[in-house]
Each structure stands twice: as C-alpha cells, then as structure tokens.
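Chemist: To be precise about what I am sending: the file is called model_19.cif and holds mmCIF, C-alpha atoms.
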data_run
#
loop_
_atom_site.label_atom_id
_atom_site.label_comp_id
_atom_site.auth_asym_id
_atom_site.auth_seq_id
_atom_site.Cartn_x
_atom_site.Cartn_y
_atom_site.Cartn_z
CA MET A 133 -20.35 -1.72 1.65
CA ASP A 134 -20.42 -3.03 5.18
CA ALA A 135 -18.36 -6.10 4.43
CA SER A 136 -14.92 -6.50 5.87
CA PRO A 137 -12.17 -7.22 3.33
CA ASP A 138 -12.65 -10.76 2.19
CA PRO A 139 -9.75 -13.20 2.19
CA ASP A 140 -11.18 -14.99 -0.82
CA PRO A 141 -10.16 -13.05 -3.93
CA LEU A 142 -12.83 -14.83 -5.96
CA ALA A 143 -15.64 -13.75 -3.65
CA PRO A 144 -17.75 -10.72 -4.58
CA LEU A 145 -16.67 -7.52 -2.86
CA ASP A 146 -20.09 -7.11 -1.25
CA ALA A 147 -20.18 -10.63 0.12
CA PRO A 148 -21.44 -10.95 3.71
CA PRO A 149 -18.74 -10.36 6.33
CA GLN A 150 -17.26 -13.73 7.16
CA ARG A 151 -14.74 -12.79 9.80
CA ASP A 152 -16.22 -9.92 11.76
CA ALA A 153 -17.05 -11.89 14.87
CA GLU A 154 -13.77 -13.73 14.63
CA ARG A 155 -11.82 -10.50 14.25
CA ARG A 156 -13.60 -8.77 17.13
CA ARG A 157 -12.63 -11.54 19.53
CA PRO A 158 -9.81 -12.95 17.50
CA ASP A 159 -8.06 -16.19 18.05
CA PRO A 160 -4.50 -15.09 17.16
CA ARG A 161 -3.73 -18.19 15.09
CA ALA A 162 -7.02 -18.04 13.19
CA SER A 163 -6.50 -14.34 12.53
CA PHE A 164 -2.97 -14.97 11.31
CA ARG A 165 -4.12 -17.75 8.98
CA ALA A 166 -6.95 -15.57 7.65
CA GLY A 167 -4.38 -12.83 7.04
CA LEU A 168 -2.15 -15.26 5.15
CA ARG A 169 -5.01 -16.16 2.82
CA ALA A 170 -6.03 -12.52 2.35
CA GLY A 171 -2.44 -11.54 1.57
CA ILE A 172 -1.88 -14.03 -1.25
CA PRO A 173 -3.45 -11.98 -4.08
CA PHE A 174 -1.52 -8.96 -2.88
CA GLY A 175 1.57 -11.14 -2.85
CA VAL A 176 0.99 -11.79 -6.54
CA ALA A 177 0.77 -8.04 -7.13
CA SER A 178 3.94 -7.54 -5.07
CA PHE A 179 5.70 -10.15 -7.16
CA VAL A 180 4.88 -8.32 -10.39
CA LEU A 181 5.93 -4.96 -8.99
CA SER A 182 9.17 -6.22 -7.47
CA LEU A 183 10.00 -7.96 -10.75
CA SER A 184 10.19 -4.55 -12.40
CA PHE A 185 12.12 -3.20 -9.40
CA GLY A 186 14.75 -5.91 -9.85
CA VAL A 187 15.13 -5.10 -13.54
CA LEU A 188 15.35 -1.35 -12.92
CA ALA A 189 17.82 -1.73 -10.06
CA ARG A 190 20.23 -3.64 -12.29
CA GLU A 191 19.94 -0.92 -14.94
CA VAL A 192 21.09 1.78 -12.49
CA GLY A 193 24.12 -0.23 -11.32
CA PHE A 194 22.91 -2.48 -8.53
CA SER A 195 24.26 -6.00 -8.36
CA ALA A 196 21.65 -8.76 -8.12
CA VAL A 197 22.62 -9.26 -4.47
CA GLY A 198 22.33 -5.54 -3.78
CA ALA A 199 18.82 -5.36 -5.26
CA ILE A 200 17.68 -8.41 -3.29
CA VAL A 201 19.20 -7.10 -0.04
CA MET A 202 17.45 -3.76 -0.56
CA SER A 203 14.08 -5.48 -0.99
CA ALA A 204 14.73 -7.66 2.06
CA ILE A 205 15.68 -4.88 4.49
CA VAL A 206 13.72 -1.89 3.10
CA PHE A 207 10.53 -3.71 1.95
CA ALA A 208 8.80 -0.53 0.82
CA GLY A 209 8.09 -0.52 -2.90
CA SER A 210 7.43 3.13 -3.60
CA ALA A 211 10.45 4.19 -1.54
CA GLN A 212 12.71 1.72 -3.35
CA PHE A 213 11.51 2.88 -6.76
CA ALA A 214 11.96 6.53 -5.73
CA ALA A 215 15.52 5.94 -4.50
CA ILE A 216 16.74 4.10 -7.60
CA THR A 217 15.00 6.59 -9.91
CA ILE A 218 16.95 9.40 -8.22
CA LEU A 219 20.17 7.39 -8.49
CA GLY A 220 19.48 6.61 -12.15
CA GLY A 221 19.07 10.33 -12.81
CA GLY A 222 22.48 11.08 -11.32
CA GLY A 223 21.31 12.00 -7.80
CA GLY A 224 23.36 11.28 -4.71
CA ILE A 225 22.90 9.47 -1.42
CA ALA A 226 21.08 12.33 0.34
CA ALA A 227 18.63 12.93 -2.51
CA ALA A 228 17.85 9.23 -2.90
CA THR A 229 17.31 8.79 0.84
CA ALA A 230 15.16 11.92 1.08
CA ALA A 231 12.98 10.70 -1.80
CA ALA A 232 12.55 7.35 -0.08
CA ALA A 233 11.64 9.08 3.18
CA LEU A 234 9.02 11.23 1.48
CA MET A 235 7.47 8.23 -0.21
CA ASN A 236 7.33 6.43 3.14
CA SER A 237 5.91 9.41 5.01
CA ARG A 238 2.37 7.96 4.71
CA PHE A 239 3.47 5.29 7.19
CA LEU A 240 3.55 7.99 9.89
CA PRO A 241 -0.25 8.40 10.13
CA MET A 242 -0.65 4.65 9.57
CA GLY A 243 1.69 3.93 12.51
CA VAL A 244 -0.11 6.40 14.77
CA ALA A 245 -3.45 4.81 13.88
CA LEU A 246 -2.12 1.31 14.51
CA ALA A 247 -0.26 2.13 17.75
CA PRO A 248 -3.04 1.55 20.32
CA SER A 249 -3.59 -1.95 18.85
CA LEU A 250 0.04 -2.98 19.47
CA PRO A 251 0.91 -4.31 22.93
CA GLY A 252 4.25 -4.58 24.67
CA ARG A 253 7.24 -2.39 25.40
CA TRP A 254 8.49 0.19 22.92
CA LEU A 255 11.00 -2.06 21.17
CA ARG A 256 8.38 -4.76 20.58
CA ARG A 257 5.91 -2.20 19.28
CA ALA A 258 8.55 -0.75 16.95
CA ALA A 259 9.30 -4.23 15.62
CA GLN A 260 5.61 -4.95 15.04
CA GLY A 261 5.31 -1.63 13.22
CA GLN A 262 7.84 -2.84 10.64
CA THR A 263 5.29 -5.31 9.30
CA VAL A 264 3.02 -2.56 7.99
CA VAL A 265 2.51 -2.28 4.24
CA ASP A 266 -0.37 -0.37 2.66
CA SER A 267 -2.63 -3.30 1.94
CA SER A 268 -2.03 -5.16 5.22
CA TRP A 269 -2.71 -2.02 7.23
CA ALA A 270 -5.93 -1.32 5.32
CA MET A 271 -7.18 -4.91 5.54
CA ALA A 272 -6.41 -5.19 9.27
CA SER A 273 -8.51 -2.13 10.06
CA ARG A 274 -11.72 -3.10 11.85
CA GLY A 275 -13.33 0.18 10.88
CA ASP A 276 -13.81 1.39 14.47
CA GLY A 277 -10.30 2.79 14.92
CA SER A 278 -8.77 -0.53 16.06
CA PHE A 279 -6.66 -3.07 14.14
CA ASP A 280 -6.34 -6.86 14.17
CA ARG A 281 -2.56 -7.12 14.49
CA HIS A 282 -2.36 -10.88 13.92
CA PHE A 283 -4.35 -10.49 10.73
CA LEU A 284 -1.95 -7.72 9.70
CA PHE A 285 1.10 -9.91 10.35
CA GLY A 286 -0.41 -12.76 8.33
CA THR A 287 -1.28 -10.50 5.42
CA THR A 288 2.26 -9.17 5.22
CA VAL A 289 3.99 -12.56 5.11
CA PRO A 290 3.07 -13.61 1.53
CA GLN A 291 3.75 -10.09 0.33
CA TYR A 292 7.23 -10.10 1.87
CA ILE A 293 8.08 -13.49 0.40
CA CYS A 294 6.79 -12.50 -3.04
CA TRP A 295 8.53 -9.14 -2.86
CA ILE A 296 11.90 -10.81 -2.44
CA ALA A 297 11.11 -13.56 -4.98
CA GLY A 298 10.07 -11.03 -7.61
CA THR A 299 13.12 -8.88 -7.01
CA SER A 300 15.34 -11.94 -7.34
CA LEU A 301 13.78 -13.00 -10.63
CA GLY A 302 13.91 -9.46 -12.01
CA ALA A 303 17.50 -8.90 -10.93
CA LEU A 304 18.78 -12.28 -12.14
CA GLY A 305 16.69 -12.82 -15.26
CA GLY A 306 15.21 -9.45 -16.14
CA SER A 307 16.42 -9.45 -19.71
CA LEU A 308 14.30 -12.55 -20.43
CA ILE A 309 11.08 -10.96 -19.17
CA GLY A 310 10.71 -7.94 -21.41
CA ASP A 311 8.59 -4.85 -20.85
CA ILE A 312 6.19 -5.37 -17.94
CA ASP A 313 4.17 -2.26 -18.78
CA ARG A 314 3.44 -3.66 -22.27
CA LEU A 315 1.66 -6.55 -20.57
CA GLY A 316 -0.56 -4.15 -18.60
CA LEU A 317 0.84 -5.36 -15.30
CA ASP A 318 1.36 -1.82 -14.02
CA ALA A 319 -2.44 -1.73 -13.57
CA VAL A 320 -2.29 -4.50 -10.96
CA TYR A 321 -1.40 -2.37 -7.96
CA PRO A 322 -3.86 0.52 -8.43
CA ALA A 323 -6.61 -2.02 -9.17
CA PHE A 324 -5.85 -3.88 -5.93
CA PHE A 325 -5.84 -0.64 -3.95
CA LEU A 326 -9.15 0.22 -5.60
CA SER A 327 -10.63 -3.08 -4.44
CA LEU A 328 -9.62 -2.22 -0.85
CA LEU A 329 -11.04 1.26 -1.26
CA PHE A 330 -14.43 -0.12 -2.31
CA VAL A 331 -14.53 -2.20 0.86
CA GLU A 332 -13.57 0.78 3.01
CA MET A 333 -16.26 3.08 1.57
CA ARG A 334 -18.93 1.71 3.87
CA ASP A 335 -20.85 4.87 4.76
CA ARG A 336 -21.26 8.50 3.81
CA LEU A 337 -18.33 9.77 5.90
CA SER A 338 -15.90 7.19 4.57
CA ARG A 339 -16.93 8.01 1.01
CA LEU A 340 -16.39 11.70 1.76
CA ALA A 341 -12.95 10.93 3.23
CA ALA A 342 -12.04 8.97 0.09
CA LEU A 343 -13.23 11.78 -2.15
CA GLY A 344 -11.34 14.35 -0.11
CA GLY A 345 -8.17 12.27 0.01
CA GLY A 346 -8.23 11.71 -3.73
CA LEU A 347 -8.82 15.38 -4.50
CA ILE A 348 -6.08 16.56 -2.12
CA ALA A 349 -3.58 14.15 -3.67
CA LEU A 350 -4.50 15.08 -7.23
CA ALA A 351 -4.32 18.81 -6.46
CA LEU A 352 -0.82 18.45 -5.01
CA VAL A 353 0.69 16.18 -7.68
CA PRO A 354 1.91 19.02 -9.95
CA PHE A 355 3.42 21.03 -7.09
CA ALA A 356 4.65 18.74 -4.30
CA PRO A 357 7.51 16.23 -4.21
CA ALA A 358 6.51 12.60 -4.73
CA GLY A 359 5.08 11.11 -1.56
CA ILE A 360 3.72 14.35 -0.12
CA PRO A 361 0.37 14.19 -2.00
CA VAL A 362 -0.46 10.83 -0.38
CA LEU A 363 0.69 12.00 3.06
CA ALA A 364 -1.37 15.18 2.79
CA ALA A 365 -4.41 13.14 1.76
CA SER A 366 -4.60 11.80 5.31
CA LEU A 367 -5.89 15.26 6.34
CA ALA A 368 -9.20 14.28 4.74
CA ALA A 369 -9.69 11.85 7.63
CA LEU A 370 -10.22 14.82 9.94
CA ILE A 371 -13.87 14.83 8.90
CA GLY A 372 -13.98 11.84 11.25
CA LEU A 373 -14.15 14.38 14.07
CA ARG A 374 -17.84 14.55 13.19
CA ARG A 375 -18.24 10.81 13.78
CA ARG A 376 -19.44 9.57 17.13
CA PRO A 377 -16.71 7.64 18.98
CA LEU A 378 -16.46 3.91 18.31
CA GLN A 379 -18.95 3.99 15.46
CA GLY A 380 -17.69 1.40 13.04
CA ARG A 381 -18.69 -1.76 11.32
CA SER A 382 -20.64 -4.17 13.42
CA MET B 113 28.18 -2.48 -6.98
CA SER B 114 29.59 0.80 -5.69
CA THR B 115 29.92 1.74 -2.04
CA GLU B 116 27.53 4.65 -2.69
CA LEU B 117 24.74 2.27 -3.68
CA TRP B 118 25.28 0.14 -0.58
CA VAL B 119 25.10 3.29 1.56
CA VAL B 120 21.77 4.17 -0.11
CA VAL B 121 20.47 0.68 0.70
CA ALA B 122 21.50 1.11 4.34
CA THR B 123 20.14 4.65 4.74
CA CYS B 124 16.82 3.74 3.09
CA ALA B 125 16.50 0.76 5.45
CA VAL B 126 17.18 2.90 8.53
CA VAL B 127 14.86 5.71 7.44
CA THR B 128 12.06 3.27 6.63
CA ALA B 129 12.43 1.50 9.98
CA LEU B 130 12.35 4.82 11.83
CA ILE B 131 9.26 6.05 9.98
CA LYS B 132 7.39 2.77 10.50
CA GLY B 133 8.45 2.56 14.14
CA VAL B 134 7.86 6.10 15.38
CA GLY B 135 4.06 5.89 15.55
CA PRO B 136 3.91 2.60 17.47
CA VAL B 137 6.65 3.77 19.86
CA ALA B 138 5.24 7.25 20.51
CA PHE B 139 1.54 6.39 20.66
CA GLY B 140 1.46 2.69 21.57
CA GLY B 141 0.56 1.11 24.86
CA ARG B 142 -2.08 3.69 25.74
CA GLU B 143 -5.54 4.67 24.69
CA LEU B 144 -5.83 7.56 22.27
CA PRO B 145 -8.56 10.13 22.96
CA ARG B 146 -12.05 8.88 22.11
CA TRP B 147 -12.52 11.49 19.40
CA SER B 148 -9.53 10.07 17.50
CA ALA B 149 -11.30 6.77 16.68
CA GLY B 150 -13.42 8.42 14.00
CA VAL B 151 -10.38 10.06 12.42
CA ILE B 152 -8.30 6.87 12.50
CA ALA B 153 -11.11 4.88 10.90
CA LEU B 154 -11.18 7.31 7.98
CA THR B 155 -7.43 7.36 7.31
CA ALA B 156 -7.75 4.13 5.31
CA PRO B 157 -10.24 5.40 2.68
CA ALA B 158 -8.41 8.74 2.46
CA LEU B 159 -4.97 7.17 1.93
CA LEU B 160 -6.23 4.40 -0.37
CA ALA B 161 -8.00 6.94 -2.60
CA ALA B 162 -4.79 8.95 -2.77
CA LEU B 163 -2.77 5.86 -3.70
CA VAL B 164 -5.24 4.97 -6.46
CA VAL B 165 -5.38 8.40 -8.06
CA THR B 166 -1.63 9.04 -7.85
CA SER B 167 -0.87 5.70 -9.49
CA ALA B 168 -3.64 5.81 -12.11
CA LEU B 169 -3.86 9.51 -12.94
CA ALA B 170 -0.32 10.81 -12.49
CA ASP B 171 3.10 10.24 -13.98
CA GLY B 172 5.67 11.89 -11.75
CA ARG B 173 4.48 15.48 -11.34
CA GLN B 174 2.28 15.35 -14.45
CA LEU B 175 -1.39 14.51 -14.35
CA ALA B 176 -1.75 11.86 -17.02
CA VAL B 177 -4.56 9.77 -18.47
CA GLY B 178 -3.64 6.67 -20.45
CA ALA B 179 -4.28 3.01 -21.01
CA GLN B 180 -3.67 2.21 -17.33
CA THR B 181 -6.25 4.83 -16.28
CA ALA B 182 -8.86 3.21 -18.51
CA GLY B 183 -7.98 -0.24 -17.16
CA VAL B 184 -8.37 0.88 -13.55
CA ALA B 185 -11.64 2.65 -14.41
CA LEU B 186 -13.00 -0.59 -15.83
CA ALA B 187 -11.93 -2.36 -12.64
CA ALA B 188 -13.99 0.20 -10.72
CA VAL B 189 -17.02 -0.79 -12.78
CA VAL B 190 -16.42 -4.45 -11.94
CA PHE B 191 -16.09 -3.70 -8.21
CA ALA B 192 -19.15 -1.43 -8.22
CA ARG B 193 -21.18 -4.29 -9.72
CA GLY B 194 -20.00 -6.62 -6.95
CA GLY B 195 -17.31 -8.45 -8.92
CA SER B 196 -14.44 -10.22 -7.18
CA VAL B 197 -10.99 -8.73 -6.58
CA LEU B 198 -9.34 -10.99 -9.15
CA ALA B 199 -12.03 -10.27 -11.75
CA GLY B 200 -11.50 -6.54 -11.36
CA VAL B 201 -7.73 -6.79 -11.47
CA GLY B 202 -7.88 -9.14 -14.45
CA VAL B 203 -10.10 -6.73 -16.37
CA ALA B 204 -7.70 -3.87 -15.55
CA VAL B 205 -4.67 -5.79 -16.81
CA VAL B 206 -6.31 -7.07 -20.00
CA ALA B 207 -7.79 -3.66 -20.84
CA THR B 208 -4.50 -1.86 -20.20
CA ALA B 209 -2.49 -4.32 -22.30
CA GLY B 210 -5.11 -4.29 -25.06
CA LEU B 211 -5.19 -0.52 -25.29
CA ARG B 212 -1.39 -0.36 -25.41
CA ALA B 213 -1.37 -2.95 -28.18
CA LEU B 214 -3.70 -0.61 -30.07
CA GLY B 215 -1.22 2.22 -29.56
CA VAL B 216 -3.07 4.16 -26.82
#
Transcribe the structure of this file into structure tokens.
Modeler:
Amino acid sequence: MDASPDPDPLAPLDAPPQRDAERRRPDPRASFRAGLRAGIPFGVASFVLSLSFGVLAREVGFSAVGAIVMSAIVFAGSAQFAAITILGGGGGIAAATAAAALMNSRFLPMGVALAPSLPGRWLRRAAQGQTVVDSSWAMASRGDGSFDRHFLFGTTVPQYICWIAGTSLGALGGSLIGDIDRLGLDAVYPAFFLSLLFVEMRDRLSRLAALGGGLIALALVPFAPAGIPVLAASLAALIGLRRRPLQGRS
Amino acid sequence: MSTELWVVVATCAVVTALIKGVGPVAFGGRELPRWSAGVIALTAPALLAALVVTSALADGRQLAVGAQTAGVALAAVVFARGGSVLAGVGVAVVATAGLRALGV
C-alpha cells in the first residue's frame, strides 16, 4: 500500500501513485485542484451526514437558520452531533459545549502534526488550521511527517459546501426524507474512513499503529466520555519513535 | 429558537476554532525535532483506525455489532481486493440497508 490517496474515487486503492512527484514539489494551484477532486466523494458523505444533522437539530428545537449557522461556523460533524444530543437529553450549555470539545479533541494532535507545514504569522496559521477535517488532514499527509496544505484546502472546500447544503436540506425538508439509517447511509462515513486507512497502512509500522489505535479506542469506549477514545488512540503513533527520521513514501 | 441554543452554537464555534488553531499557532513556523516525523506520520493510521472502530463497533458507550458493522466489514474486503473507494462504500451501504430490511 504505497500509493498516495487517489483523487479518483473509481480508481483501485492500490493504483500507482499519480501525484507523488507533484505533491513533493507542488504547484499550489495544481495541488488545490487535485484536492478539490479528491474531496468530492467525501463531500457526498458529508452531505448525507449533515442531512441527518439538520433533521436532528430541528427535533431538539433549533430553527432551520440556527442549524445552518451552526454547520457554517462550527463545521465539525461529531462535535455538532454531540452537542445537540446533549441538548436533546436535557443538558445545558456547559455540558453541550464540553461534549463538543471532547469530540474535537482529536484535532489537537492533528494540528500539532500539521503545524510545521503551515507558513506565516500566528494568525494566518490559526486561520489555515480551521480548514482541517479528518479526511482532508489524512489525505494531505505525505507520509513523511509533512503535509500538502494546498491539497488540504482543496479537499475541504467540497466538504464544507456539501456540509452546509445537507444541513439546509435536512433542516428545511427533513420530514420528506425519512429515516436515513434505514437506507444504510450511516455506513458511508466509516467506509470512507476505512478507505483512507487502507491507503495509510503502507508498511509494518503503520499497520501496527492502526492496530494499536483501534484497540486503544475500543478498550476505552465503555469507560471514557465520547471523543476521548479517538484522542487516546493517537498514543499508538508513538511507535513511530522507532522509525528513522524522514522515512516515508517515495 | 431559544437564546440558550444560540449560545451553544457560539460556544461550540469558539471552542472548535481554539482547538483547531492551537496546534498551528504553538508549533507552526519552526521545525519540529527530527524524531517527531515518524510519530506524526503514524498519527493518521492510528486516528483513522479509531474513527472506523468507534463508528462501526460502538453505539455511545456500548460496544455494538449490527448491520452497519457487517456493511463496513464487506467494504474492507472490497478495499483489500483493490476495489475503488466508491465500490467499497456502495457495498457497505447496500449491505447495511439490506440487512436492516431483513430485520438485523
């Protein structure tokens, strides 16, 4: 599995790397366009997920505008679901915000990993960090500890647009859609993450990190608040201390 | 919509922005130690595996196996055999919906 994530969703996962040279000496515009293409299938997944968010938000008392504004300015699916689930169960502002923060805690190690690849002063770097979502971060990784930031930006764009579009449709016309789970659409996101995982498992150490991360998360699910199992899973990456510096895909 | 809900929207937005921004602000603009490259490269498989298992094998704080688990497992077979992303996702969706229609 030495291939970089492929922007063509119809291409086999073990297809030859098409962008490696381009992404090592990237032309920013070409990288951004490649990211746009790679982000489209994840945009479709985002659309499905945000559709159910829009429906659920209305059920717990959000107006359609409120649900859409939340998707536009939070843009973090698991955190949004966590917050409205707490609210729907009678929880207050502090509990809903804390749940959202825990769900987002995985962005801490992601941001640290991405940081050296972001240029500019602190405010510019902070703004660029806002574009991170799980799939864009994973796809922009070059596998040697560095990230293609233009590719990341491009990948996020279709997901952001679809996230807001799906929320809008769910919030405004949710009653016409019916039960999304009955259609099996809740399998879309884990299947997409799985496709990224297959690409990332390129050598023995990365497969060990995946195994360790999965086991840590599963072991913590019954005991830890939502969000913590995924954050704790990042500890499995410490086996990378055994890897020689700058060894990555080439 | 109540004021409380608008406050939740605002606080979630601020908290998310802070969490996403703290890494790039604190660690950006300078080289991290050479040993960190290996660790950073492995955060993606570790976190992705955790996202997959917590979404396919857990329901809240319960470990749970159901139609969605079977659908995602079939997607894994497709990916392992070199199938495309859309083929794997399509198999997962169809299998999950089919099993639910059968009452699983």
Chemist: Quick one: of A:Cys294, A:Ala189, A:Ala227, A:Ala245, who's nearest to chain B, counting all atoms listed in the file?
Modeler: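 Nearest candidate to chain B out of A:Cys294, A:Ala189, A:Ala227, A:Ala245: A:Ala245.
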Chemist: Could you please determine the separation between atom CA of Gln291 of chain A and atom CA of Val176 of chain A in Å, to one decimal place?
Modeler: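 Here the two named atoms are 7.6 Å from each other.
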Chemist: Compile the contact shell of Val187 of chain A as a list of chain:residue names: residues with an atom at most 8 Å away, counting all atoms listed in the file, same-chain residues fewer than 4 positions apart removed.
Modeler: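 These residues fall inside the cut-off: A:Leu183, A:Glu191, A:Thr299, A:Gly302, A:Ala303, A:Gly306, A:Ser307.
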Chemist: One number please: atom CA of Ala341 of chain A to atom CA of Thr128 of chain B, in Å, one decimal.
Modeler: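 That distance, rounded to one decimal, is 26.4 Å.
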Chemist: Could you check how far atom CA of Gly316 of chain A sits from atom CA of Val206 of chain B, in Å to one decimal?
Modeler: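 It comes out at 6.6 Å.
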Chemist: Evaluate the PyMOL selection byres ((chain A and resi 367-372) around 6) here and jot the selected residues down as a VMD selection string.
Modeler: (chain A and resid 341 344 to 345 364 to 366 373 to 375) or (chain B and resid 150 to 151 154 to 155)
Chemist: Identify, on the basis of all atoms listed in the file, every residue whose closest approach to Leu211 of chain B does not exceed 12 Å; exclude the query and any residue fewer than 4 positions from it along the same chain; express the result as a list in words.
Modeler: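 The residues that qualify are Asp313, Arg314, Leu315 and Gly316 of chain A; Gly178, Ala179, Gln180, Thr181, Ala182, Gly183, Val203, Ala204, Val205, Val206, Ala207, Gly215 and Val216 of chain B.
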Chemist: Around (1.9, 7.9, 3.2) in the file's own coordinates, what residues are found within 7 Å if you use all atoms listed in the file, given back as an MDAnalysis selection string?
Modeler: chainID A and resid 235:240 359 362:363
Chemist: Mind checking which residues fall within 10 Å of Phe279 of chain A, counting only C-alpha atoms, ignoring those fewer than 2 positions away in the same chain, and posting them as number ranges by chain?
Modeler: A: 155-156, 245-250, 269-277, 281-284; B: 153
Chemist: On this structure, which residues satisfy the PyMOL selection byres ((chain B and resi 137-147) around 7), written as a PyMOL selection string?
Modeler: (chain A and resi 244+247-248+250-252+254+257-258+373+377) or (chain B and resi 133-136+148-150)
Chemist: Pick out the closest residue to chain A from this set: B:Ala176, B:Ala125, B:Ala213, B:Val190. Count only C-alpha atoms.
Modeler: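 Of B:Ala176, B:Ala125, B:Ala213, B:Val190, the one nearest chain A is B:Ala125, counting only C-alpha atoms.
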Chemist: Nearest residue to Leu343 of chain A out of A:Leu317, A:Ile205, A:Val265, A:Leu329, using only C-alpha atoms?
Modeler: A:Leu329
Chemist: Report the residues retrieved by the PyMOL selection byres ((chain B and resi 187) around 9) from the displayed file, expressed as a PyMOL selection string.
Modeler: (chain A and resi 323+326-327) or (chain B and resi 182-186+188-192+195+197+199-204)
Chemist: If I put a ball of radius 12 Å at (29.5, -0.8, -1.4) in the file's coordinates, which residues poke into it when counting all atoms listed in the file, written as a list in words?
Modeler: Gly193, Phe194, Ser195, Val197 and Gly198 of chain A; Met113, Ser114, Thr115, Glu116, Leu117, Trp118, Val119, Val120, Val121 and Ala122 of chain B
Chemist: Return the single residue from A:Gly221, A:Gly298, A:Gly243, A:Gly286 that is closest to chain B, with distances computed using all atoms listed in the file.
Modeler: A:Gly243
Chemist: Write out as number ranges by chain which residues come within 12 Å of Tyr292 of chain A when counting all atoms listed in the file, dropping same-chain ones fewer than 5 positions away.
Modeler: A: 168, 171-172, 174-179, 182, 200, 203-209, 262-265, 267-268, 285-287, 297-299
Chemist: Box in all listed atoms of segment 125-137 of chain B, axis-aligned, with 6 Å more on each side; write out centre and edge lengths in Å to one decimal as AutoDock Vina command-line options.
Modeler:
--center_x 10.5 --center_y 3.4 --center_z 12.7 --size_x 25.3 --size_y 17.3 --size_z 26.4
